[in-house]
>>> print(open('input.cif').read())   # mmCIF, C-alpha atoms
data_target
loop_
_atom_site.label_atom_id
_atom_site.label_comp_id
_atom_site.auth_asym_id
_atom_site.auth_seq_id
_atom_site.Cartn_x
_atom_site.Cartn_y
_atom_site.Cartn_z
CA MET A 1 21.24 92.60 48.62
CA SER A 2 18.00 93.60 50.20
CA LEU A 3 17.83 96.41 52.75
CA PHE A 4 16.84 93.96 55.48
CA ALA A 5 19.78 91.68 54.69
CA ASP A 6 22.10 94.66 54.73
CA LEU A 7 20.78 95.80 58.12
CA ARG A 8 21.16 92.34 59.58
CA ARG A 9 24.74 92.26 58.34
CA ARG A 10 25.45 95.73 59.79
CA LEU A 11 23.95 94.92 63.17
CA ASP A 12 25.48 91.45 63.29
CA LEU A 13 22.08 89.93 63.97
CA ARG A 14 22.31 86.98 61.63
CA PRO A 15 20.78 83.96 63.38
CA ALA A 16 23.25 81.31 64.34
CA LYS A 17 23.11 78.17 62.23
CA SER A 18 24.36 74.71 63.00
CA LEU A 19 28.06 74.41 62.33
CA ASN A 20 30.50 71.57 61.80
CA LEU A 21 34.11 71.47 62.89
CA ALA A 22 36.83 73.01 60.70
CA GLY A 23 34.54 74.58 58.19
CA SER A 24 32.76 71.45 57.01
CA PRO A 25 29.16 72.23 56.08
CA ALA A 26 26.31 71.70 58.53
CA ARG A 27 24.33 68.60 57.59
CA THR A 28 22.28 65.88 59.19
CA ARG A 29 24.75 63.38 60.54
CA PRO A 30 23.77 59.73 60.08
CA GLU A 31 24.10 57.34 62.96
CA ALA A 32 27.03 55.01 63.55
CA SER A 33 26.80 53.73 59.96
CA SER A 34 28.18 57.00 58.53
CA SER A 35 31.40 55.38 57.36
CA HIS A 36 31.40 57.55 54.21
CA LEU A 37 32.42 60.63 56.22
CA ASP A 38 36.05 61.50 56.38
CA SER A 39 37.69 60.39 59.61
CA THR A 40 39.02 63.89 60.20
CA GLU A 41 35.52 65.33 60.67
CA GLN A 42 34.59 66.21 64.20
CA PRO A 43 31.26 66.26 66.03
CA CYS A 44 28.74 68.86 64.92
CA GLY A 45 28.68 72.13 66.78
CA ARG A 46 32.40 72.81 67.18
CA ARG A 47 34.00 75.69 65.38
CA GLU A 48 37.34 76.28 63.82
CA PRO A 49 39.50 77.81 66.59
CA HIS A 50 41.05 80.48 64.38
CA GLY A 51 39.61 82.81 61.79
CA THR A 52 36.25 81.24 61.02
CA ALA A 53 34.32 81.25 64.29
CA GLY A 54 31.66 83.65 63.03
CA LEU A 55 30.97 81.96 59.70
CA ASP A 56 27.93 80.00 58.65
CA HIS A 57 29.75 76.92 57.40
CA SER A 58 26.70 75.57 55.61
CA ALA A 59 27.58 78.16 52.95
CA TYR A 60 30.37 75.77 51.87
CA LEU A 61 28.01 72.87 51.21
CA ALA A 62 28.41 73.05 47.41
CA ILE A 63 32.21 72.78 47.66
CA ALA A 64 31.98 69.95 50.17
CA GLU A 65 29.70 67.97 47.87
CA ALA A 66 32.04 68.54 44.91
CA LEU A 67 35.02 67.34 46.93
CA ARG A 68 33.27 64.20 48.13
CA ASP A 69 31.97 63.41 44.64
CA GLY A 70 35.30 64.11 42.93
CA ALA A 71 33.65 66.78 40.81
CA ASP A 72 35.01 70.09 39.54
CA VAL A 73 35.21 72.50 42.49
CA VAL A 74 35.38 75.67 40.38
CA PRO A 75 31.61 76.15 39.81
CA ALA A 76 30.91 75.40 43.46
CA SER A 77 33.66 77.79 44.65
CA ASP A 78 32.28 80.50 42.38
CA GLU A 79 28.81 80.06 43.91
CA VAL A 80 30.16 80.07 47.47
CA GLY A 81 32.21 83.23 46.90
CA ARG A 82 29.14 85.14 45.74
CA ARG A 83 27.05 83.91 48.67
CA LEU A 84 29.66 84.83 51.28
CA ALA A 85 30.10 88.31 49.80
CA ALA A 86 26.33 88.82 49.89
CA ASP A 87 26.35 87.80 53.57
CA GLY A 88 29.00 90.42 54.38
CA VAL A 89 31.82 87.93 55.03
CA SER A 90 35.31 89.31 54.45
CA LEU A 91 37.60 87.68 51.90
CA VAL A 92 40.03 86.61 54.63
CA GLU A 93 37.23 84.86 56.54
CA ALA A 94 35.96 83.25 53.34
CA LEU A 95 39.39 81.85 52.49
CA ASP A 96 39.92 80.68 56.07
CA GLY A 97 36.67 78.74 55.83
CA LEU A 98 37.71 77.23 52.49
CA SER A 99 41.06 76.17 53.91
CA ALA A 100 39.40 74.61 56.96
CA LEU A 101 36.95 72.72 54.73
CA TYR A 102 39.74 71.27 52.60
CA ARG A 103 41.69 70.18 55.67
CA ALA A 104 38.63 68.45 57.05
CA ILE A 105 37.63 66.63 53.86
CA ALA A 106 40.72 66.38 51.63
CA GLY A 107 43.42 66.51 54.30
CA GLY A 108 45.32 69.39 52.69
CA GLU A 109 45.21 72.98 51.54
CA PRO A 110 42.71 74.23 48.93
CA ALA A 111 43.41 73.78 45.25
CA PHE A 112 44.52 76.94 43.47
CA GLU A 113 41.53 76.75 41.12
CA ALA A 114 39.13 76.78 44.09
CA VAL A 115 40.87 79.74 45.74
CA ARG A 116 40.90 81.72 42.49
CA ALA A 117 37.24 81.01 41.72
CA LEU A 118 36.06 81.89 45.23
CA SER A 119 38.17 85.06 45.37
CA SER A 120 37.09 86.26 41.92
CA SER A 121 33.38 85.75 42.53
CA TRP A 122 33.64 87.33 46.00
CA ALA A 123 35.35 90.41 44.54
CA GLU A 124 32.83 90.72 41.72
CA ALA A 125 29.84 90.45 44.05
CA SER A 126 31.36 92.93 46.52
CA LEU A 127 32.02 95.44 43.75
CA VAL A 128 28.44 95.22 42.51
CA TYR A 129 27.23 95.78 46.08
CA LEU A 130 29.50 98.78 46.65
CA HIS A 131 28.33 100.39 43.41
CA SER A 132 24.72 100.03 44.54
CA LEU A 133 25.27 101.73 47.89
CA SER A 134 23.62 105.05 48.60
CA CYS A 135 25.63 107.91 50.05
CA GLU A 136 23.34 107.65 53.10
CA ASP A 137 23.19 105.12 55.88
CA PRO A 138 19.87 103.29 55.27
CA LEU A 139 18.79 103.20 58.92
CA THR A 140 19.80 106.59 60.32
CA GLY A 141 19.68 108.62 57.10
CA LEU A 142 23.10 110.05 57.94
CA SER A 143 25.62 110.51 55.14
CA SER A 144 28.22 107.79 54.75
CA LEU A 145 31.79 108.31 55.93
CA ALA A 146 32.90 108.37 52.28
CA HIS A 147 30.47 111.17 51.49
CA LEU A 148 31.61 113.16 54.52
CA ARG A 149 35.23 112.69 53.45
CA SER A 150 34.37 113.81 49.91
CA ARG A 151 32.64 116.95 51.15
CA LEU A 152 35.66 117.80 53.30
CA GLY A 153 37.89 117.47 50.24
CA GLU A 154 35.68 119.92 48.36
CA LEU A 155 35.96 122.42 51.21
CA TYR A 156 39.76 122.24 51.21
CA ARG A 157 39.97 122.68 47.44
CA GLU A 158 37.59 125.62 47.58
CA ALA A 159 39.56 127.19 50.44
CA GLU A 160 42.81 126.88 48.47
CA PHE A 161 41.19 128.57 45.47
CA ARG A 162 39.78 131.43 47.55
CA GLY A 163 42.73 131.82 49.86
CA THR A 164 40.74 131.00 53.01
CA SER A 165 41.36 128.52 55.84
CA VAL A 166 39.11 125.51 56.51
CA PRO A 167 40.13 125.31 60.21
CA GLN A 168 38.88 128.88 60.63
CA THR A 169 35.65 128.47 58.66
CA HIS A 170 34.46 124.94 59.52
CA ALA A 171 34.47 122.34 62.28
CA LEU A 172 32.97 118.95 63.15
CA VAL A 173 30.36 118.58 65.86
CA VAL A 174 30.79 115.00 67.05
CA VAL A 175 28.17 113.05 69.03
CA GLU A 176 28.85 109.72 70.73
CA PRO A 177 25.90 108.20 72.63
CA LEU A 178 26.92 106.72 75.98
CA ASN A 179 25.17 103.36 76.07
CA PRO A 180 24.94 101.45 79.35
CA PRO A 181 26.53 98.00 79.60
CA GLY A 182 24.44 95.28 78.01
CA THR A 183 22.98 97.53 75.31
CA THR A 184 22.18 95.44 72.24
CA PRO A 185 23.48 96.37 68.77
CA PHE A 186 19.92 97.14 67.69
CA ASP A 187 19.38 99.52 70.63
CA ARG A 188 22.66 101.27 69.78
CA GLU A 189 21.39 101.79 66.24
CA LEU A 190 18.16 103.26 67.59
CA ARG A 191 20.17 105.72 69.69
CA LEU A 192 21.98 106.86 66.53
CA VAL A 193 18.60 107.34 64.85
CA ASP A 194 17.63 109.64 67.73
CA VAL A 195 20.95 111.49 67.46
CA ALA A 196 20.43 111.99 63.73
CA GLU A 197 17.00 113.53 64.33
CA CYS A 198 18.37 115.93 66.94
CA LEU A 199 21.21 117.01 64.65
CA ARG A 200 18.76 117.67 61.82
CA ILE A 201 16.66 119.93 64.05
CA VAL A 202 19.61 122.13 65.00
CA PHE A 203 21.69 122.00 61.82
CA CYS A 204 18.93 122.32 59.26
CA GLY A 205 20.80 124.27 56.59
CA GLY A 206 23.36 122.96 54.14
CA ASP A 207 25.44 121.21 56.79
CA VAL A 208 26.54 117.63 56.12
CA LEU A 209 25.40 115.18 58.79
CA GLY A 210 27.33 111.93 58.64
CA ARG A 211 27.83 108.64 60.39
CA VAL A 212 31.40 108.14 61.61
CA GLY A 213 32.02 104.48 62.39
CA SER A 214 29.58 102.33 64.33
CA ARG A 215 29.20 104.57 67.41
CA ARG A 216 29.39 108.22 66.38
CA ALA A 217 27.70 110.84 64.25
CA ALA A 218 29.19 114.12 63.11
CA ALA A 219 27.97 117.37 61.59
CA LEU A 220 30.29 119.31 59.28
CA VAL A 221 29.29 122.88 60.10
CA GLY A 222 30.42 126.43 59.67
CA ARG A 223 32.14 128.17 62.56
CA GLU A 224 29.36 130.65 63.21
CA PRO A 225 29.37 132.81 66.37
CA ASN A 226 26.42 130.84 67.77
CA LEU A 227 28.05 127.42 67.31
CA PRO A 228 28.49 126.82 71.09
CA GLU A 229 24.78 127.57 71.62
CA GLN A 230 23.89 125.14 68.83
CA VAL A 231 25.99 122.42 70.46
CA ALA A 232 24.29 123.06 73.79
CA THR A 233 20.90 122.74 72.08
CA VAL A 234 21.91 119.41 70.53
CA ARG A 235 22.99 118.15 73.96
CA ALA A 236 19.70 119.21 75.55
CA LEU A 237 17.65 117.60 72.80
CA ILE A 238 19.50 114.29 72.96
CA THR A 239 19.28 114.17 76.76
CA GLN A 240 15.50 114.61 76.81
CA TRP A 241 14.63 113.06 73.44
CA ARG A 242 13.06 109.87 74.79
CA LEU A 243 9.76 110.86 76.40
CA ASP A 244 9.01 107.29 77.51
CA THR A 245 11.74 107.29 80.16
CA ASP A 246 12.91 109.52 83.00
CA VAL A 247 16.52 108.36 82.49
CA PRO A 248 18.61 111.00 80.67
CA GLN A 249 19.99 109.82 77.35
CA LEU A 250 23.66 110.63 77.88
CA ALA A 251 26.10 111.40 75.09
CA ARG A 252 29.54 112.91 74.57
CA ILE A 253 29.31 115.97 72.35
CA TRP A 254 32.26 118.10 71.32
CA ILE A 255 33.54 120.45 68.65
CA GLU A 256 36.36 118.80 66.70
CA GLY A 257 38.69 121.30 65.06
CA LEU A 258 39.83 120.59 61.51
CA PRO A 259 43.52 120.47 60.57
CA SER A 260 45.26 122.51 57.90
CA THR A 261 45.25 119.93 55.09
CA ASP A 262 42.80 117.55 53.46
CA ALA A 263 45.06 114.56 54.13
CA MET A 264 45.22 115.32 57.85
CA ALA A 265 41.44 115.79 57.93
CA GLY A 266 41.07 112.29 56.51
CA ARG A 267 43.17 110.95 59.39
CA VAL A 268 40.92 112.78 61.86
CA LEU A 269 37.88 111.02 60.36
CA ASP A 270 39.68 107.68 60.53
CA GLU A 271 40.42 108.20 64.23
CA LEU A 272 36.82 109.22 64.94
CA ALA A 273 35.57 106.11 63.12
CA ARG A 274 37.54 103.77 65.36
CA PRO A 275 35.43 101.75 67.85
#
>>> encode(input="input.cif", output="structure tokens")
Amino acid sequence: MSLFADLRRRLDLRPAKSLNLAGSPARTRPEASSSHLDSTEQPCGRREPHGTAGLDHSAYLAIAEALRDGADVVPASDEVGRRLAADGVSLVEALDGLSALYRAIAGGEPAFEAVRALSSSWAEASLVYLHSLSCEDPLTGLSSLAHLRSRLGELYREAEFRGTSVPQTHALVVVEPLNPPGTTPFDRELRLVDVAECLRIVFCGGDVLGRVGSRRAAALVGREPNLPEQVATVRALITQWRLDTDVPQLARIWIEGLPSTDAMAGRVLDELARP
């Protein structure tokens, strides 16, 4: 997957494409003479009311053609699974779309062979993508949540070996930009880019700067005596970072204490990553 395609998937900026009801693929509908279409198909433009509203149903065109032609659906399902995985569609959404397509064209649930082929190719394509991921977010340059979690695990193992305490030696500095109502996903990403730059200026040593979910960034830092002053500097930088506006760039910034165990620290990251 290209970087641009990955960014569009992350920011949910994929352009809307023409859809057909119940997962049937978008296609040019003939006039009144289109007697070859199944009577269960509905007018173009409607969407399946549950589970598939965000999908581009034209992705299922190969399966639809195989069903209408009475051909083997396995090769088509394999192709569709790979395409949906590349577009960032979850497996549940992909199977919901397949089920809706079968109901619209065949009047029943998907054949087992189609489900297995789509699921297998989706899983294979997703695994290849995950293995190709960098440990950094491509837009902000912040470390991924997985990398931040891994670094925390190293700290806890090191502390156990040395007989020290991670809660006493380290903490998380968490930053959450406060975006006004109506802020677009792209503008929110730009705010996180700004936040990342400000964190790098203040925490320029060996500290891990990571992205935590879609709205927050965090710095895994040592509990030095000047940590409160560093946090205040981050707040001042973020507030005045944009020179092209007189409106302060507001953000919540706080020091998040770490718990006593690695497992509990993972739960803290999970909570911080929630929208």
>>> closest_residue(input="input.cif", among="A:Ala71, A:Thr261, A:Arg242, A:Ala232", to="Gly153 in chain A", atoms="all atoms listed in the file")
A:Thr261
>>> residues_near_point(input="input.cif", point="(34.3, 121.5, 49.9)", cutoff="12 Å", atoms="all atoms listed in the file", output="number ranges by chain")
A: 147-162, 164-166, 169-170, 206-208, 220-222, 262
>>> closest_residue(input="input.cif", among="A:Leu250, A:Ala86, A:Ile63, A:Ala104", to="Asp194 in chain A", atoms="all atoms listed in the file")
A:Leu250
>>> resolve_selection(input="input.cif", expression="the PyMOL selection byres ((chain A and resi 136) around 10)", output="PyMOL selection string")
chain A and resi 133-135+137-147+209-211
>>> closest_residue(input="input.cif", among="A:Asp187, A:Ala106, A:Leu101, A:Pro275", to="Gly70 in chain A", atoms="all atoms listed in the file")
A:Ala106
>>> resolve_selection(input="input.cif", expression="the PyMOL selection byres ((chain A and resi 178) around 12)", output="ChimeraX atom specification")
/A:175-177,179-183,187-188,191-192,195,215-216,238-239,248-253
>>> closest_residue(input="input.cif", among="A:Ala66, A:Val173, A:Cys204, A:Ala59", to="Arg83 in chain A", atoms="all atoms listed in the file")
A:Ala59
>>> closest_residue(input="input.cif", among="A:Gln168, A:Ser77, A:Ser99, A:Ser58", to="Trp122 in chain A", atoms="all atoms listed in the file")
A:Ser77
>>> residues_around(input="input.cif", residues="Leu91 in chain A", least_positions_apart="6", cutoff="12 Å", atoms="all atoms listed in the file", output="short mmCIF file (atom, residue, chain, number, x, y, z; two decimals) with C-alpha atoms, keeping the file's coordinate frame")
data_model
loop_
_atom_site.label_atom_id
_atom_site.label_comp_id
_atom_site.auth_asym_id
_atom_site.auth_seq_id
_atom_site.Cartn_x
_atom_site.Cartn_y
_atom_site.Cartn_z
CA GLY A 51 39.61 82.81 61.79
CA THR A 52 36.25 81.24 61.02
CA LEU A 55 30.97 81.96 59.70
CA VAL A 80 30.16 80.07 47.47
CA GLY A 81 32.21 83.23 46.90
CA ARG A 82 29.14 85.14 45.74
CA ARG A 83 27.05 83.91 48.67
CA LEU A 84 29.66 84.83 51.28
CA ALA A 85 30.10 88.31 49.80
CA GLY A 97 36.67 78.74 55.83
CA LEU A 98 37.71 77.23 52.49
CA VAL A 115 40.87 79.74 45.74
CA ARG A 116 40.90 81.72 42.49
CA LEU A 118 36.06 81.89 45.23
CA SER A 119 38.17 85.06 45.37
CA SER A 120 37.09 86.26 41.92
CA SER A 121 33.38 85.75 42.53
CA TRP A 122 33.64 87.33 46.00
CA ALA A 123 35.35 90.41 44.54
CA GLU A 124 32.83 90.72 41.72
CA ALA A 125 29.84 90.45 44.05
CA SER A 126 31.36 92.93 46.52
#
>>> atom_distance(input="input.cif", atom1="CA of Ala265 in chain A", atom2="CA of Gly213 in chain A")
15.4 Å
>>> atom_distance(input="input.cif", atom1="CA of Gln240 in chain A", atom2="CA of Ala218 in chain A")
19.4 Å
>>> atom_distance(input="input.cif", atom1="CA of Glu229 in chain A", atom2="CA of Arg274 in chain A")
27.7 Å
>>> closest_residue(input="input.cif", among="A:Val89, A:Ala94, A:Ala114, A:Ala236", to="Leu67 in chain A", atoms="only C-alpha atoms")
A:Ala114
